[in-house]
$ cat structure.cif   # mmCIF, C-alpha atoms and all ligand atoms
data_structure
loop_
_atom_site.label_atom_id
_atom_site.label_comp_id
_atom_site.auth_asym_id
_atom_site.auth_seq_id
_atom_site.Cartn_x
_atom_site.Cartn_y
_atom_site.Cartn_z
CA MET O 615 1.77 26.66 8.54
CA THR O 616 1.01 27.23 12.21
CA PRO O 617 -2.15 25.33 13.19
CA ASP O 618 -5.07 27.34 14.49
CA PRO O 619 -5.19 26.67 18.29
CA LEU O 620 -8.95 27.20 18.29
CA LEU O 621 -9.52 24.39 15.76
CA GLY O 622 -6.83 21.90 16.74
CA SER O 623 -6.59 19.27 14.02
CA SER O 624 -10.06 19.94 12.59
CA VAL O 625 -10.45 21.85 9.34
CA PRO O 626 -13.74 23.51 8.36
CA LEU O 627 -15.43 21.82 5.40
CA VAL O 628 -16.54 25.20 4.06
CA PRO O 629 -13.77 27.77 3.58
CA PRO O 630 -14.11 30.40 6.31
CA LEU O 631 -14.86 34.06 5.72
CA TYR O 632 -11.72 36.09 6.47
CA GLN O 633 -13.41 39.40 7.21
CA SER O 634 -10.22 41.20 8.16
CA SER O 635 -8.83 44.30 6.45
CA VAL O 636 -5.28 43.66 7.68
CA TYR O 637 -3.08 40.79 8.92
CA THR O 638 -0.53 40.57 11.72
CA LEU O 639 3.01 39.33 11.09
CA PRO O 640 5.54 37.88 13.53
CA ASP O 641 8.55 39.87 12.32
CA LEU O 642 10.20 41.75 9.44
CA ASP O 643 11.60 38.55 7.92
CA ALA O 644 8.08 37.11 7.54
CA LEU O 645 6.91 40.37 5.94
CA ASP O 646 9.82 40.22 3.46
CA ARG O 647 9.08 36.59 2.58
CA ILE O 648 5.46 37.45 1.76
CA TYR O 649 6.40 40.54 -0.28
CA ASP O 650 9.02 38.54 -2.19
CA GLY O 651 6.57 35.73 -2.91
CA GLU O 652 8.69 33.17 -1.07
CA GLU O 653 5.78 32.06 1.08
CA PRO O 654 2.03 32.53 0.98
CA GLY O 655 0.45 35.12 3.20
CA PHE O 656 -1.53 38.30 3.31
CA ILE O 657 -0.78 41.80 4.55
CA TYR O 658 -3.50 44.25 3.55
CA ALA O 659 -6.89 43.31 2.08
CA ARG O 660 -6.87 45.97 -0.66
CA ASP O 661 -3.82 44.18 -2.11
CA ALA O 662 -5.04 40.61 -1.61
CA HIS O 663 -7.21 38.60 0.76
CA PRO O 664 -7.93 34.88 1.17
CA ASN O 665 -11.56 34.89 0.01
CA ALA O 666 -10.67 36.68 -3.26
CA ARG O 667 -7.76 34.27 -3.72
CA LEU O 668 -9.96 31.18 -3.25
CA LEU O 669 -12.66 32.54 -5.57
CA ALA O 670 -10.07 33.48 -8.20
CA GLU O 671 -8.45 30.03 -8.10
CA GLU O 672 -11.78 28.33 -8.65
CA LEU O 673 -12.74 30.72 -11.46
CA ALA O 674 -9.36 30.22 -13.16
CA ARG O 675 -10.01 26.47 -13.20
CA MET O 676 -13.47 26.97 -14.71
CA GLU O 677 -12.18 29.34 -17.42
CA SER O 678 -9.11 27.22 -18.35
CA ALA O 679 -7.07 30.21 -17.23
CA THR O 680 -3.67 30.14 -15.53
CA TRP O 681 -4.58 33.13 -13.39
CA ALA O 682 -7.65 35.13 -12.36
CA ILE O 683 -8.03 38.36 -10.41
CA VAL O 684 -11.31 39.17 -8.69
CA CYS O 685 -12.36 42.84 -8.60
CA GLY O 686 -15.11 44.82 -6.88
CA SER O 687 -17.41 44.79 -9.95
CA GLY O 688 -17.52 43.81 -13.60
CA MET O 689 -16.67 47.41 -14.50
CA SER O 690 -13.63 47.41 -12.21
CA ALA O 691 -12.42 44.16 -13.83
CA ILE O 692 -12.63 45.79 -17.29
CA THR O 693 -11.05 48.98 -15.96
CA ALA O 694 -8.18 47.05 -14.33
CA ALA O 695 -7.42 45.13 -17.53
CA VAL O 696 -7.48 48.25 -19.69
CA LEU O 697 -5.45 50.43 -17.29
CA ALA O 698 -2.77 47.74 -17.09
CA LEU O 699 -2.52 47.37 -20.88
CA VAL O 700 -2.84 50.79 -22.49
CA GLN O 701 -0.67 53.89 -22.56
CA LYS O 702 -1.41 57.45 -23.61
CA GLY O 703 -1.56 57.54 -27.42
CA ASP O 704 -2.75 53.93 -27.76
CA ARG O 705 -5.80 53.03 -29.80
CA ILE O 706 -8.55 50.63 -28.71
CA LEU O 707 -11.04 48.87 -30.96
CA ALA O 708 -14.36 48.13 -29.28
CA GLY O 709 -17.49 46.40 -30.52
CA ASN O 710 -20.36 48.77 -31.21
CA ARG O 711 -22.88 46.74 -29.15
CA LEU O 712 -20.99 46.64 -25.84
CA TYR O 713 -22.53 47.09 -22.40
CA GLY O 714 -23.37 50.80 -22.02
CA ARG O 715 -20.96 51.57 -19.18
CA THR O 716 -18.13 49.78 -21.03
CA THR O 717 -18.74 51.94 -24.08
CA GLN O 718 -18.75 55.04 -21.85
CA LEU O 719 -15.49 53.93 -20.22
CA PHE O 720 -13.80 53.85 -23.62
CA VAL O 721 -15.48 56.73 -25.41
CA GLN O 722 -16.02 59.21 -22.58
CA GLU O 723 -13.44 58.39 -19.89
CA LEU O 724 -10.30 57.00 -21.55
CA SER O 725 -10.43 59.69 -24.24
CA ARG O 726 -9.71 62.20 -21.43
CA PHE O 727 -6.34 60.49 -20.96
CA GLY O 728 -5.34 60.48 -24.62
CA ILE O 729 -6.54 56.97 -25.44
CA GLU O 730 -8.74 56.83 -28.51
CA THR O 731 -11.39 54.19 -29.17
CA SER O 732 -12.84 53.26 -32.57
CA LEU O 733 -16.13 51.38 -32.56
CA VAL O 734 -16.52 48.47 -34.99
CA ASP O 735 -19.21 45.95 -35.84
CA ALA O 736 -17.54 42.92 -34.26
CA CYS O 737 -19.98 40.62 -36.10
CA ASN O 738 -18.40 41.76 -39.37
CA LEU O 739 -14.93 40.18 -39.71
CA ASP O 740 -14.08 42.23 -42.81
CA GLU O 741 -14.80 45.44 -40.95
CA VAL O 742 -12.66 44.32 -37.98
CA GLY O 743 -9.83 43.30 -40.34
CA LYS O 744 -9.90 46.73 -42.00
CA ALA O 745 -10.00 48.53 -38.65
CA LEU O 746 -6.96 46.53 -37.48
CA GLN O 747 -4.85 47.87 -40.36
CA THR O 748 -4.44 50.98 -38.22
CA PRO O 749 -2.51 49.70 -35.19
CA ALA O 750 -4.64 48.98 -32.12
CA LYS O 751 -3.54 47.77 -28.71
CA LEU O 752 -6.73 46.07 -27.72
CA LEU O 753 -9.92 44.65 -29.26
CA VAL O 754 -12.84 44.41 -26.85
CA VAL O 755 -15.93 42.30 -27.67
CA GLU O 756 -18.73 40.47 -25.87
CA THR O 757 -19.56 36.80 -26.53
CA LEU O 758 -23.28 37.61 -26.64
CA SER O 759 -24.46 41.21 -26.77
CA ASN O 760 -27.16 42.96 -24.79
CA PRO O 761 -30.05 42.88 -25.53
CA MET O 762 -30.20 41.38 -29.06
CA LEU O 763 -27.81 38.50 -28.24
CA ARG O 764 -25.62 38.99 -31.27
CA ALA O 765 -22.75 36.49 -31.13
CA VAL O 766 -19.15 37.17 -32.16
CA ASP O 767 -16.88 34.66 -33.86
CA ALA O 768 -14.27 34.68 -31.08
CA PRO O 769 -11.91 32.15 -32.73
CA ALA O 770 -11.85 34.15 -35.99
CA LEU O 771 -11.35 37.43 -34.10
CA ALA O 772 -8.51 35.77 -32.14
CA SER O 773 -6.64 34.84 -35.32
CA LEU O 774 -7.15 38.34 -36.74
CA CYS O 775 -5.76 39.78 -33.50
CA ARG O 776 -2.73 37.46 -33.63
CA GLU O 777 -2.03 38.56 -37.19
CA PHE O 778 -2.12 42.26 -36.21
CA GLN O 779 -0.54 41.85 -32.73
CA CYS O 780 -3.57 43.16 -30.95
CA THR O 781 -4.72 41.84 -27.56
CA LEU O 782 -8.21 40.29 -27.58
CA LEU O 783 -10.34 40.93 -24.48
CA VAL O 784 -13.67 39.09 -24.35
CA ASP O 785 -16.48 40.03 -21.95
CA ASN O 786 -18.08 36.62 -21.42
CA THR O 787 -20.75 37.72 -18.91
CA PHE O 788 -23.78 36.53 -20.92
CA ALA O 789 -22.32 33.09 -21.73
CA THR O 790 -20.40 32.35 -18.47
CA PRO O 791 -17.66 29.68 -18.43
CA ALA O 792 -20.43 27.07 -18.14
CA LEU O 793 -21.35 27.68 -21.80
CA TYR O 794 -18.18 29.12 -23.36
CA ARG O 795 -14.53 29.53 -22.42
CA PRO O 796 -12.97 32.15 -24.75
CA LEU O 797 -9.43 31.40 -23.52
CA GLU O 798 -9.72 27.93 -25.09
CA HIS O 799 -10.45 29.62 -28.42
CA GLY O 800 -7.59 32.10 -28.63
CA ALA O 801 -8.72 35.07 -26.52
CA ASP O 802 -5.92 36.68 -24.48
CA LEU O 803 -8.07 37.96 -21.62
CA VAL O 804 -11.58 37.27 -20.36
CA VAL O 805 -13.67 39.46 -18.07
CA GLU O 806 -16.99 38.66 -16.48
CA SER O 807 -19.40 40.44 -14.19
CA LEU O 808 -19.96 38.03 -11.30
CA THR O 809 -22.93 40.22 -10.40
CA LYS O 810 -25.00 38.44 -13.05
CA MET O 811 -25.31 34.68 -13.73
CA ILE O 812 -22.06 33.62 -12.05
CA GLY O 813 -23.08 35.11 -8.68
CA GLY O 814 -26.58 34.09 -9.65
CA HIS O 815 -28.51 35.22 -6.57
CA ALA O 816 -28.65 39.00 -7.07
CA ASP O 817 -26.74 39.62 -3.85
CA VAL O 818 -23.16 40.44 -4.87
CA THR O 819 -21.42 43.04 -7.05
CA LEU O 820 -18.12 41.56 -8.28
CA GLY O 821 -16.07 40.97 -11.41
CA VAL O 822 -13.17 38.87 -12.62
CA VAL O 823 -10.41 39.22 -15.20
CA CYS O 824 -8.41 36.16 -16.19
CA GLY O 825 -5.88 35.05 -18.76
CA ARG O 826 -3.76 32.20 -19.95
CA ASN O 827 -0.97 32.80 -22.41
CA ASP O 828 2.57 34.10 -21.85
CA LEU O 829 1.68 37.65 -22.77
CA ALA O 830 -1.01 37.64 -20.13
CA GLN O 831 1.26 36.07 -17.50
CA GLU O 832 3.19 39.31 -17.00
CA VAL O 833 -0.01 41.29 -17.47
CA ALA O 834 -1.36 39.52 -14.38
CA GLN O 835 1.22 41.26 -12.14
CA GLN O 836 0.39 44.62 -13.70
CA ILE O 837 -3.35 44.10 -13.26
CA ALA O 838 -2.89 43.07 -9.61
CA GLN O 839 -0.97 46.30 -9.02
CA VAL O 840 -3.56 48.41 -10.81
CA VAL O 841 -6.27 46.84 -8.64
CA SER O 842 -4.51 47.95 -5.47
CA ILE O 843 -3.39 51.40 -6.67
CA TRP O 844 -6.70 52.39 -8.27
CA GLY O 845 -8.67 50.78 -5.43
CA LEU O 846 -10.61 48.19 -7.45
CA MET O 847 -10.47 45.31 -4.93
CA SER O 848 -13.40 43.11 -3.91
CA ASN O 849 -14.52 42.65 -0.32
CA PRO O 850 -14.26 39.31 1.53
CA PHE O 851 -17.93 38.71 2.29
CA GLU O 852 -19.03 39.10 -1.33
CA CYS O 853 -16.25 36.77 -2.47
CA TRP O 854 -17.35 34.23 0.13
CA LEU O 855 -20.93 34.45 -1.16
CA ALA O 856 -19.84 34.18 -4.79
CA SER O 857 -17.74 31.09 -4.04
CA ARG O 858 -20.92 29.30 -2.98
CA SER O 859 -22.44 30.02 -6.40
CA LEU O 860 -19.74 28.36 -8.46
CA ASP O 861 -20.69 24.78 -7.62
CA THR O 862 -24.18 25.30 -9.05
CA LEU O 863 -23.27 27.49 -12.05
CA SER O 864 -23.24 24.72 -14.62
CA MET O 865 -26.54 23.25 -13.37
CA ARG O 866 -28.17 26.68 -13.20
CA MET O 867 -27.04 27.66 -16.70
CA ARG O 868 -28.27 24.39 -18.18
CA ALA O 869 -31.64 24.61 -16.45
CA ALA O 870 -32.12 28.30 -17.28
CA SER O 871 -31.06 27.75 -20.90
CA ALA O 872 -33.57 24.92 -21.28
CA ASN O 873 -36.29 27.16 -19.83
CA ALA O 874 -35.28 30.04 -22.11
CA ALA O 875 -35.31 27.85 -25.24
CA ALA O 876 -38.78 26.52 -24.40
CA LEU O 877 -40.10 29.98 -23.52
CA ALA O 878 -38.74 31.48 -26.75
CA ASP O 879 -40.63 28.96 -28.89
CA TRP O 880 -43.75 29.28 -26.75
CA LEU O 881 -43.69 33.10 -26.80
CA ALA O 882 -43.46 33.07 -30.60
CA THR O 883 -46.93 31.45 -30.65
CA ARG O 884 -48.59 33.87 -28.18
CA PRO O 885 -51.04 36.46 -29.41
CA GLY O 886 -49.74 39.98 -28.81
CA VAL O 887 -46.09 38.97 -29.29
CA ARG O 888 -44.63 40.46 -32.46
CA ARG O 889 -41.23 38.76 -32.45
CA VAL O 890 -38.86 36.76 -30.29
CA VAL O 891 -35.08 37.21 -30.15
CA TYR O 892 -33.17 34.11 -28.99
CA PRO O 893 -29.93 32.73 -30.49
CA GLY O 894 -31.25 29.18 -30.12
CA ARG O 895 -33.99 29.90 -32.67
CA SER O 896 -33.29 29.46 -36.36
CA ASP O 897 -34.69 32.96 -37.09
CA HIS O 898 -31.90 34.62 -35.07
CA PRO O 899 -29.22 36.19 -37.34
CA ASP O 900 -26.40 34.42 -35.44
CA HIS O 901 -28.10 31.07 -34.87
CA ALA O 902 -25.54 29.03 -36.87
CA LEU O 903 -22.58 30.79 -35.26
CA ALA O 904 -24.06 30.49 -31.75
CA LYS O 905 -24.62 26.77 -32.35
CA ARG O 906 -21.01 26.33 -33.44
CA LEU O 907 -19.71 28.23 -30.38
CA LEU O 908 -22.14 27.17 -27.66
CA GLY O 909 -23.47 23.80 -28.76
CA GLU O 910 -26.94 23.10 -27.43
CA CYS O 911 -27.16 25.68 -24.59
CA PHE O 912 -27.86 29.20 -25.85
CA GLY O 913 -28.06 30.95 -22.50
CA ASN O 914 -30.79 32.32 -20.27
CA MET O 915 -31.40 35.69 -21.96
CA LEU O 916 -34.11 36.38 -24.51
CA CYS O 917 -36.17 39.30 -25.78
CA PHE O 918 -39.69 39.54 -27.08
CA GLU O 919 -41.54 42.44 -28.62
CA LEU O 920 -45.10 43.28 -27.67
CA ALA O 921 -47.48 44.34 -30.41
CA GLY O 922 -48.24 47.62 -28.59
CA ASP O 923 -45.61 50.07 -27.40
CA ARG O 924 -45.09 51.79 -24.04
CA GLU O 925 -48.61 51.18 -22.68
CA ALA O 926 -48.49 47.49 -23.58
CA VAL O 927 -45.18 47.23 -21.71
CA ASN O 928 -46.59 49.06 -18.68
CA ARG O 929 -49.56 46.70 -18.65
CA PHE O 930 -47.24 43.68 -18.86
CA LEU O 931 -45.06 44.94 -15.99
CA ARG O 932 -48.10 45.64 -13.78
CA LEU O 933 -49.82 42.32 -14.47
CA ALA O 934 -46.89 39.88 -14.58
CA LYS O 935 -45.89 40.48 -10.97
CA GLY O 936 -44.13 37.12 -10.73
CA VAL O 937 -41.62 38.35 -13.33
CA PRO O 938 -40.31 41.44 -11.54
CA PHE O 939 -39.18 44.46 -13.54
CA SER O 940 -35.57 44.62 -12.41
CA PRO O 941 -32.95 46.20 -14.67
CA SER O 942 -30.22 43.62 -14.18
CA LEU O 943 -29.93 39.92 -15.05
CA GLY O 944 -28.75 36.52 -13.98
CA HIS O 945 -30.86 35.89 -10.87
CA VAL O 946 -32.06 32.30 -10.19
CA ARG O 947 -35.57 33.67 -10.61
CA THR O 948 -36.94 35.09 -13.84
CA THR O 949 -36.89 38.89 -14.07
CA CYS O 950 -37.52 41.29 -16.92
CA SER O 951 -36.13 44.57 -18.12
CA HIS O 952 -36.86 47.17 -20.76
CA PRO O 953 -33.75 48.07 -22.80
CA PHE O 954 -35.38 51.16 -24.38
CA THR O 955 -35.74 52.95 -21.01
CA THR O 956 -32.89 51.31 -19.03
CA SER O 957 -29.67 50.00 -20.65
CA HIS O 958 -30.20 51.98 -23.86
CA ARG O 959 -31.93 54.99 -22.29
CA TYR O 960 -29.23 57.40 -23.48
CA ALA O 961 -28.38 55.64 -26.74
CA SER O 962 -29.11 57.65 -29.88
CA LYS O 963 -32.37 57.10 -31.73
CA SER O 964 -30.45 55.83 -34.76
CA LEU O 965 -28.49 53.31 -32.68
CA ARG O 966 -31.68 51.99 -31.07
CA GLU O 967 -33.45 51.78 -34.40
CA GLY O 968 -30.42 50.21 -36.07
CA GLN O 969 -30.33 47.45 -33.45
CA GLY O 970 -34.10 46.93 -33.30
CA ILE O 971 -34.47 48.17 -29.71
CA THR O 972 -38.05 49.37 -29.84
CA GLU O 973 -40.36 50.61 -27.07
CA GLY O 974 -42.25 47.32 -27.12
CA LEU O 975 -39.16 45.19 -26.54
CA ILE O 976 -38.96 43.32 -23.21
CA ARG O 977 -35.81 41.49 -22.14
CA LEU O 978 -36.22 38.37 -20.00
CA SER O 979 -33.52 37.01 -17.74
CA VAL O 980 -34.86 33.48 -17.42
CA GLY O 981 -34.43 31.67 -14.12
CA ILE O 982 -34.63 28.06 -13.02
CA GLU O 983 -38.24 27.92 -11.78
CA PRO O 984 -40.53 25.23 -13.20
CA LEU O 985 -41.32 26.29 -16.77
CA ASP O 986 -45.11 26.28 -16.29
CA ARG O 987 -44.83 28.75 -13.42
CA ILE O 988 -42.98 31.25 -15.63
CA GLN O 989 -45.44 30.69 -18.47
CA ARG O 990 -48.40 31.33 -16.15
CA GLU O 991 -46.92 34.65 -15.03
CA ILE O 992 -46.06 35.77 -18.55
CA ASP O 993 -49.56 34.85 -19.69
CA ARG O 994 -50.95 37.14 -16.99
CA GLY O 995 -48.90 39.98 -18.49
CA LEU O 996 -50.06 39.23 -22.02
CA THR O 997 -53.81 39.40 -21.29
CA ASN O 998 -55.43 42.56 -22.54
CA GLU O 999 -57.91 43.11 -19.73
CA SER O 1000 -56.55 44.10 -16.33
CA ARG O 1001 -57.80 41.88 -13.53
C1 LIG J 1101 -23.38 44.01 -15.93
C2 LIG J 1101 -22.35 43.91 -16.99
C3 LIG J 1101 -21.10 44.51 -16.83
C4 LIG J 1101 -20.73 45.30 -15.61
O1 LIG J 1101 -20.72 44.53 -14.46
P1 LIG J 1101 -20.98 45.16 -13.00
O2 LIG J 1101 -20.74 44.00 -12.09
O3 LIG J 1101 -22.38 45.69 -12.98
O4 LIG J 1101 -19.99 46.26 -12.84
C5 LIG J 1101 -20.17 44.37 -17.85
N1 LIG J 1101 -20.46 43.70 -18.98
C6 LIG J 1101 -21.66 43.11 -19.16
C7 LIG J 1101 -21.92 42.37 -20.44
C8 LIG J 1101 -22.65 43.21 -18.18
O5 LIG J 1101 -23.85 42.64 -18.38
#
$ encode --input "structure.cif" --output "structure tokens" --more "lines below"
Ligand SMILES: *Cc1c(COP(=O)(O)O)cnc(C)c1O
Amino acid sequence: MTPDPLLGSSVPLVPPLYQSSVYTLPDLDALDRIYDGEEPGFIYARDAHPNARLLAEELARMESATWAIVCGSGMSAITAAVLALVQKGDRILAGNRLYGRTTQLFVQELSRFGIETSLVDACNLDEVGKALQTPAKLLVVETLSNPMLRAVDAPALASLCREFQCTLLVDNTFATPALYRPLEHGADLVVESLTKMIGGHADVTLGVVCGRNDLAQEVAQQIAQVVSIWGLMSNPFECWLASRSLDTLSMRMRAASANAAALADWLATRPGVRRVVYPGRSDHPDHALAKRLLGECFGNMLCFELAGDREAVNRFLRLAKGVPFSPSLGHVRTTCSHPFTTSHRYASKSLREGQGITEGLIRLSVGIEPLDRIQREIDRGLTNESR
């Protein structure tokens, strides 16, 4: 490596931001050596750039993955994985509670290219086993679903997939590698939106896809190519920002999970709250499974249902100003959303009713503020009189 004449023998403690779309090369031989993988180096940032590489290496370590590829968003990470794996005529199995855009990708977009998707209840292993009797290339599930936080038995799904030679792709966005590492439990591929808890500061849009086993090793090359050809690459500055977040992820997830657990129990005692949905509570349908998978940290997401409907929600949003209405999740500060009018706005009435997504349901993305500060704000929202 040629030393940087500007720096001499000093090396920056913090990895620099390489905000360059292209690199210069001394000659054709150097270019060939980079293309042939004989030496490290970069040519064009849409193919690869140092900040994505550094972020990916750190994420791979956290996920127990052998490789990771950072993409421009969570959706582009899912898209890259799927485009690299499926061919025209292939069948995909997808959980029926997936992130809305993911469901649209499979049902509305991929069907235009001759790839069919069947939706299954991924919480029901018998149903998944039956669905797998018709050959499927890929099973796609989420560790914890939005907004009802239904958990899937990833190890059991992984052994079903092995039996039927189906690739298991787990979207681990709601758990993060701080709470769960699906690759350690038999998943073939993991994707996460770094836009949420992993980025953690509501200032980047990024995603990652990573893998571990031999099947996925060759898939990594294909995904890297898809990222460049379909234009799904991240940009350096956002990768640089996201790298800063990784050192605090575990601390943030533990602190936010502790806040969420305490808030869930506290909310259940508040007048005007009809029910609370949190996998750490024994009244959640997947409590035992979530405990087996996650241990003592059940994540920072929870839902509660107000006794009134739309007007009660409007009153809450107007009064609880310290818990901003912000239809995303994973910020260090507590925010809230309303699945009925945001993430599930275009879902059918029967789907919303089937999953319990009512007009009174509020979703909290719990942050790491002192618990009493969050409680004070929520209490403001729960009072009946406006102030
Ligand atoms: C937000 C989200 C995505 C998409 O990520 P983007 O970074 O917004 O593209 C995918 N899956 C889940 C579970 C999400 O919450």
$ residues_around --input "structure.cif" --residues "Asp802 of chain O" --least-positions-apart "5" --cutoff "12 Å" --atoms "only C-alpha atoms" --output "JSON, numbers by chain"
{"O": [677, 678, 679, 680, 681, 695, 699, 752, 753, 754, 755, 768, 769, 771, 772, 773, 775, 776, 779, 780, 781, 782, 783, 784, 785, 795, 796, 797, 823, 824, 825, 826, 827, 828, 829, 830, 831, 833, 834]}
$ closest_atom_pairs --input "structure.cif" --of "chain O" --to "ligand LIG 1101 (chain J)" --cutoff "6 Å" --atoms "only C-alpha atoms and all ligand atoms" --output "tab-separated table"
residue	atom	partner	partner_atom	distance
O:Ser687	CA	J:LIG1101	O2	4.0
O:Gly688	CA	J:LIG1101	O1	3.4
O:Met689	CA	J:LIG1101	O4	3.9
O:Tyr713	CA	J:LIG1101	C7	5.1
O:Thr787	CA	J:LIG1101	C7	5.0
O:Ser807	CA	J:LIG1101	O1	4.3
O:Thr809	CA	J:LIG1101	O2	4.7
O:Thr819	CA	J:LIG1101	O2	5.2
O:Leu820	CA	J:LIG1101	O2	5.2
O:Gly821	CA	J:LIG1101	O2	5.6
$ closest_residue --input "structure.cif" --among "O:Ala659, O:Ile729, O:Val734, O:Gln701" --to "Ser634 of chain O" --atoms "only C-alpha atoms"
O:Ala659
$ atom_distance --input "structure.cif" --atom1 "atom CA of Thr638 of chain O" --atom2 "atom CA of Tyr658 of chain O"
9.4 Å
$ closest_residue --input "structure.cif" --among "O:Leu733, O:Val840, O:Leu746, O:Val805" --to "Val700 of chain O" --atoms "only C-alpha atoms"
O:Val840
$ closest_residue --input "structure.cif" --among "O:Leu808, O:Asp767, O:Val891, O:Leu931" --to "Arg906 of chain O" --atoms "only C-alpha atoms"
O:Asp767
$ atom_distance --input "structure.cif" --atom1 "atom CA of Gly743 of chain O" --atom2 "atom CA of Arg715 of chain O"
25.3 Å
$ atom_distance --input "structure.cif" --atom1 "atom CA of Glu925 of chain O" --atom2 "atom CA of Val946 of chain O"
28.0 Å
$ residues_around --input "structure.cif" --residues "Phe720 of chain O" --least-positions-apart "3" --cutoff "12 Å" --atoms "only C-alpha atoms" --output "ChimeraX atom specification"
/O:689,692-693,696-697,700,704-710,712-717,723-733,752-754
$ closest_atom_pairs --input "structure.cif" --of "segment 805-915 of chain O" --to "segment 975-983 of chain O" --cutoff "9 Å" --atoms "all atoms listed in the file" --output "CSV"
residue,atom,partner,partner_atom,distance
O:Arg866,CA,O:Ile982,CA,6.6
O:Met867,CA,O:Ile982,CA,8.4
O:Arg868,CA,O:Ile982,CA,9.0
O:Ala869,CA,O:Ile982,CA,5.7
O:Ala870,CA,O:Ile982,CA,5.0
O:Ser871,CA,O:Val980,CA,7.7
O:Ala872,CA,O:Ile982,CA,8.9
O:Asn873,CA,O:Val980,CA,6.9
O:Ala874,CA,O:Val980,CA,5.8
O:Leu877,CA,O:Val980,CA,8.8
O:Arg889,CA,O:Leu975,CA,9.0
O:Gly913,CA,O:Val980,CA,8.9
O:Asn914,CA,O:Val980,CA,5.1
O:Met915,CA,O:Ser979,CA,4.9
$ residues_near_point --input "structure.cif" --point "(-19.9, 36.2, -4.5)" --cutoff "8 Å" --atoms "only C-alpha atoms" --output "list of chain:residue names"
O:Leu808, O:Thr809, O:Gly813, O:Asp817, O:Val818, O:Thr819, O:Leu820, O:Phe851, O:Glu852, O:Cys853, O:Trp854, O:Leu855, O:Ala856, O:Ser857, O:Arg858, O:Ser859
$ axis_aligned_box --input "structure.cif" --around "segment 847-866 of chain O" --padding-each-side "8 Å" --output "JSON"
{"center_x": -19.3, "center_y": 34.3, "center_z": -6.2, "size_x": 33.7, "size_y": 38.1, "size_z": 32.9}
$ closest_residue --input "structure.cif" --among "O:Ala670, O:Ala878, O:Ala792, O:Ile812" --to "Leu985 of chain O" --atoms "only C-alpha atoms"
O:Ala878
$ closest_residue --input "structure.cif" --among "O:Met811, O:Pro749, O:Ile648, O:Pro938" --to "Glu777 of chain O" --atoms "all atoms listed in the file"
O:Pro749
$ residues_near_point --input "structure.cif" --point "(-1.6, 43.3, 6.9)" --cutoff "10 Å" --atoms "only C-alpha atoms" --output "VMD selection string"
chain O and resid 634 to 639 645 655 to 663
$ closest_residue --input "structure.cif" --among "O:Gln835, O:Leu908, O:Val742, O:Leu860" --to "His799 of chain O" --atoms "only C-alpha atoms"
O:Leu908
$ residues_around --input "structure.cif" --residues "Leu903 of chain O" --least-positions-apart "5" --cutoff "10 Å" --atoms "only C-alpha atoms" --output "PyMOL selection string"
chain O and resi 764-767+893+908-909
$ build_atoms --input "structure.cif" --residues "segment 742-753 of chain O" --atoms "N, CA and C atoms" --output "CSV table (one decimal), in the frame of the given file"
chain,number,residue,atom,x,y,z
O,742,VAL,N,-13.7,44.4,-39.0
O,742,VAL,CA,-12.7,44.3,-38.0
O,742,VAL,C,-11.3,44.2,-38.6
O,743,GLY,N,-11.1,43.4,-39.7
O,743,GLY,CA,-9.8,43.3,-40.3
O,743,GLY,C,-9.4,44.6,-40.9
O,744,LYS,N,-10.3,45.4,-41.5
O,744,LYS,CA,-9.9,46.7,-42.0
O,744,LYS,C,-9.5,47.7,-40.9
O,745,ALA,N,-10.3,47.6,-39.8
O,745,ALA,CA,-10.0,48.5,-38.6
O,745,ALA,C,-8.6,48.2,-38.0
O,746,LEU,N,-8.2,46.9,-38.1
O,746,LEU,CA,-7.0,46.5,-37.5
O,746,LEU,C,-5.7,47.0,-38.3
O,747,GLN,N,-6.0,47.4,-39.5
O,747,GLN,CA,-4.8,47.9,-40.4
O,747,GLN,C,-4.2,49.1,-39.8
O,748,THR,N,-5.0,49.9,-39.0
O,748,THR,CA,-4.4,51.0,-38.2
O,748,THR,C,-4.1,50.3,-36.9
O,749,PRO,N,-2.9,50.4,-36.4
O,749,PRO,CA,-2.5,49.7,-35.2
O,749,PRO,C,-3.4,50.0,-34.0
O,750,ALA,N,-3.8,48.9,-33.3
O,750,ALA,CA,-4.6,49.0,-32.1
O,750,ALA,C,-4.1,48.1,-31.0
O,751,LYS,N,-4.1,48.5,-29.8
O,751,LYS,CA,-3.5,47.8,-28.7
O,751,LYS,C,-4.5,46.6,-28.3
O,752,LEU,N,-5.8,46.9,-28.4
O,752,LEU,CA,-6.7,46.1,-27.7
O,752,LEU,C,-8.0,46.0,-28.5
O,753,LEU,N,-8.6,44.8,-28.7
O,753,LEU,CA,-9.9,44.6,-29.3
O,753,LEU,C,-10.8,44.1,-28.2
